[in-house]
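Have a look at the structure below, then the notes.
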Amino acid sequence: MQFIDLQKQYRTLKKEIDSAIQNVLSDANFISGAQVKQLENELAAYCGTKYCLTCANGTDALTLALRALDVKENDAVFVPSFTFFASAETPALEDATCIFVDVDERTFNMDSQKLEKAIMQVKQEGKLNLKCIITVDLFGLPANYPEIRKIADKYGMKIIEDGAQGFGGSINGKKACSFGDISTTSFFPAKPLGCYGDGGAIFTDNKDDYDLMCSLAVHGKGSFKYDNVRIGYNSRLDTLQAAILLPKLKAFREYELKARNFIARKYTEALKDSFVTPFVPSGFESSWAQYTLILPNETDRTVIQQTLKDKGIPTMVYYPKPMHKQTVFSDYSFNLQDLKTSERLSNHVLSIPMHPYLTDEEIDRVVSALKTVK
Ligand SMILES: *Cc1c(COP(=O)(O)O)cnc(C)c1O
């Protein structure tokens, strides 16, 4: 059994993907081919934003968004502590100050009350500009945007939605990657919508920010490529990756997202009496980048992982170390007493196999293996 079965997905979509790749090879339009624009149009339509710009990866997407919002030294950027490193690495790279915020123990996403508390504290200290909030749609579940948007407006701050894991999720029908002033996603192969290498995208309704990010992604170009008006990056999605993503997006829209939700419901139904299963608030829909249980303690986790491994069932720990415990942020001292949920989760979470091609037989094997260790 595979944790995320990309081979099975390829076997299912082989005809479409092979011919998409072959077309790029025949046309030799490897950079900025027509497939890139087509994909951007389809992504914007799917997420319900005016603009979509693809780029080299989800980390670059965050960097381009931060540059568009002019995030810099002396800016406070509020980031959940329980996330993948890139959410905190990118504001740090712009010399901004990361203010880590604890997460909600049920959704794994930024705790809006603790966010406001942290904002008020930074405001009172008066040393940093209240610049932006990087929300993360962890494990596929959109962050609490109804609450976080109110807080952002109240303090005059922008939201960057890190939707690297969130693509496909929604709140009352409104799609993830449309909640930020600028939203980003990743097409890393294991994400809900993945390509066959690195890739990413940025979404916004703001034309000025979109234009600026288009320029930044291609060496700070002005009216044409060899007119350079600012310092930028080389961050594009290859035509090959765009061509691969088109049939994958179609499958995602037509049945993969439904299959993910169907499998998650089966897991929850079977495991909810023995484990703490993922919580999805009413009106929210997850794209199930991960299906993550909370175990009673850390020793159990090691034992359960080994027992499942012996039965050929892979599991993963996302994430074993919250941001405020990372070596690189070791001189960080803000609000440490308030980050206990992130610390506890990092010791207790366990993600089990989740992908749209899991069979009933595989789901049963995972469930019964988990029930024997319980
Ligand atoms: C994967 C991920 C990223 C980075 O995406 P890459 O394409 O690997 O650069 C950023 N944020 C989160 C939350 C992620 O899971």
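Letters A, B, ... go to the chains of the structure tokens in the order shown; residues in each chain start at 1; ligands are counted from 1 in the same order.
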
Quiz item: Using only C-alpha atoms and all ligand atoms, what are the residues with an atom within 8 Å of ligand 1, set out as a PyMOL selection string?
Solution: chain A and resi 56-62+83-87+136-139+162-165+185-188+191+198-200

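Residues of stretch 109-237 of chain A assigned to strand (DSSP E) by DSSP on this structure's backbone: A:Asn129, A:Leu130, A:Lys131, A:Cys132, A:Ile133, A:Ile134, A:Thr135, A:Val136, A:Lys158, A:Ile159, A:Ile160, A:Glu161, A:Asp162, A:Ser170, A:Ile171, A:Lys174, A:Lys175, A:Ile182, A:Ser183, A:Thr184, A:Thr185, A:Ser186, A:Gly200, A:Ala201, A:Ile202, A:Phe203, A:Thr204.
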
Quiz item: Taking only C-alpha atoms into account, which of A:Leu13, A:Ile202, A:Leu240, A:Val280 comes nearest A:Leu66?
Solution: A:Ile202

Please identify every residue of stretch 180-229 of chain A that has at least one atom no farther than 9 Å from an atom of stretch 242-255 of chain A, counting only C-alpha atoms, and for each give the shortest atom pair and the distance in Å to one decimal, arranged by chain then increasing number, as JSON lines.
{"residue": "A:Phe187", "atom": "CA", "partner": "A:Leu245", "partner_atom": "CA", "distance": 8.6}
{"residue": "A:Pro192", "atom": "CA", "partner": "A:Phe252", "partner_atom": "CA", "distance": 8.3}
{"residue": "A:Leu193", "atom": "CA", "partner": "A:Leu249", "partner_atom": "CA", "distance": 6.9}
{"residue": "A:Gly194", "atom": "CA", "partner": "A:Leu245", "partner_atom": "CA", "distance": 7.3}
{"residue": "A:Cys195", "atom": "CA", "partner": "A:Leu245", "partner_atom": "CA", "distance": 5.8}
{"residue": "A:Tyr196", "atom": "CA", "partner": "A:Ile244", "partner_atom": "CA", "distance": 7.4}
{"residue": "A:Gly199", "atom": "CA", "partner": "A:Ala242", "partner_atom": "CA", "distance": 8.7}

Quiz prompt | Contact residues around stretch 322-334 of chain A with only C-alpha atoms at 12 Å, ignoring same-chain residues under 5 positions, as number ranges by chain | solution = A: 76, 78-89, 92-93, 97-103, 108, 117-119, 121-122, 125, 317, 339-347

How about saving the chosen residues, C-alpha atoms kept, as an mmCIF file, in the first residue's frame?
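Now in result-v3.cif:
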data_model
loop_
_atom_site.group_PDB
_atom_site.id
_atom_site.type_symbol
_atom_site.label_atom_id
_atom_site.label_comp_id
_atom_site.auth_asym_id
_atom_site.auth_seq_id
_atom_site.Cartn_x
_atom_site.Cartn_y
_atom_site.Cartn_z
ATOM 1 C CA ALA A 76 5.095 41.754 11.572
ATOM 2 C CA PHE A 78 1.506 36.422 11.650
ATOM 3 C CA VAL A 79 2.033 32.734 10.829
ATOM 4 C CA PRO A 80 0.602 29.571 12.417
ATOM 5 C CA SER A 81 3.322 27.655 14.244
ATOM 6 C CA PHE A 82 1.964 24.274 13.166
ATOM 7 C CA THR A 83 2.721 24.284 9.420
ATOM 8 C CA PHE A 84 5.300 23.390 6.786
ATOM 9 C CA PHE A 85 8.467 25.475 7.083
ATOM 10 C CA ALA A 86 7.936 27.472 3.854
ATOM 11 C CA SER A 87 5.041 29.429 5.434
ATOM 12 C CA ALA A 88 7.525 30.945 7.923
ATOM 13 C CA GLU A 89 10.681 30.791 5.809
ATOM 14 C CA ALA A 92 11.806 35.619 7.172
ATOM 15 C CA LEU A 93 13.580 35.770 3.811
ATOM 16 C CA THR A 97 9.448 39.324 11.759
ATOM 17 C CA CYS A 98 7.393 36.145 12.018
ATOM 18 C CA ILE A 99 4.919 36.215 14.876
ATOM 19 C CA PHE A 100 3.914 32.628 15.490
ATOM 20 C CA VAL A 101 0.320 31.981 16.412
ATOM 21 C CA ASP A 102 -1.042 28.823 17.975
ATOM 22 C CA VAL A 103 -3.550 26.631 16.174
ATOM 23 C CA PHE A 108 -5.195 22.299 13.184
ATOM 24 C CA LYS A 117 -4.399 38.539 21.088
ATOM 25 C CA ALA A 118 -0.984 38.399 19.373
ATOM 26 C CA ILE A 119 -1.879 41.327 17.100
ATOM 27 C CA GLN A 121 0.291 42.628 21.863
ATOM 28 C CA VAL A 122 2.477 43.567 18.868
ATOM 29 C CA GLU A 125 4.686 47.130 21.884
ATOM 30 C CA VAL A 317 4.074 12.541 11.042
ATOM 31 C CA LEU A 339 1.871 27.904 21.601
ATOM 32 C CA LYS A 340 1.050 24.797 23.592
ATOM 33 C CA THR A 341 -1.468 23.322 21.141
ATOM 34 C CA SER A 342 1.092 23.377 18.312
ATOM 35 C CA GLU A 343 3.575 21.615 20.594
ATOM 36 C CA ARG A 344 1.061 19.047 21.716
ATOM 37 C CA LEU A 345 -0.122 18.300 18.183
ATOM 38 C CA SER A 346 3.433 17.862 16.912
ATOM 39 C CA ASN A 347 3.827 15.056 19.476
#

Find the spatial neighbours of A:Asp75, counting only C-alpha atoms, within a cut-off of 8 Å - ignore same-chain residues fewer than 6 positions away - and output them as a compact mmCIF listing (two decimals) with N, CA, C and O atoms, in the first residue's frame.
# COMPACT_ATOMS: atom_id res chain seq x y z
N ALA A 96 11.22 40.20 7.32
CA ALA A 96 10.09 40.53 8.19
C ALA A 96 10.22 39.71 9.48
O ALA A 96 11.01 38.77 9.55
N THR A 97 9.45 40.07 10.50
CA THR A 97 9.45 39.32 11.76
C THR A 97 8.23 38.41 11.80
O THR A 97 7.09 38.88 11.74
N LEU A 128 6.76 47.07 15.59
CA LEU A 128 6.62 46.50 14.24
C LEU A 128 5.35 47.00 13.57
O LEU A 128 4.36 47.31 14.25
N ASN A 129 5.37 47.08 12.24
CA ASN A 129 4.14 47.40 11.49
C ASN A 129 3.27 46.14 11.41
O ASN A 129 3.77 45.07 11.07
N LEU A 130 2.00 46.29 11.66
CA LEU A 130 1.07 45.17 11.50
C LEU A 130 0.84 44.99 10.00
O LEU A 130 0.09 45.74 9.40
N LYS A 131 1.52 44.00 9.38
CA LYS A 131 1.51 43.94 7.92
C LYS A 131 0.53 42.92 7.36
O LYS A 131 -0.41 43.26 6.68

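Summary of the local environment: counting only C-alpha atoms, residues at most 8 Å from A:Leu350, other than itself and those fewer than 2 positions away along its chain, are A:Thr292, A:Leu293, A:Ile294, A:Leu295, A:Arg301, A:Thr315, A:Met316, A:Val317, A:Tyr318, A:His348, A:Ile352.
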
Quiz item: Do you have the atom CA of A:Ala68-atom CA of A:Asp208 distance handy?
Solution: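 About the pair atom CA of A:Ala68 and atom CA of A:Asp208: they are 8.9 Å apart.
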
Practice problem: For atom CA of A:Tyr46 and atom CA of A:Leu257, determine how far apart the two atoms are, in Å to one decimal place. | Solution: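 Straight-line distance from atom CA of A:Tyr46 to atom CA of A:Leu257 works out to 12.8 Å.
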
Quiz prompt | Per-residue DSSP, stretch 119-243 of chain A, filtered to helix (DSSP H, G or I), as number ranges by chain | solution = A: 119-125, 138-140, 145-154, 207-217, 239-243
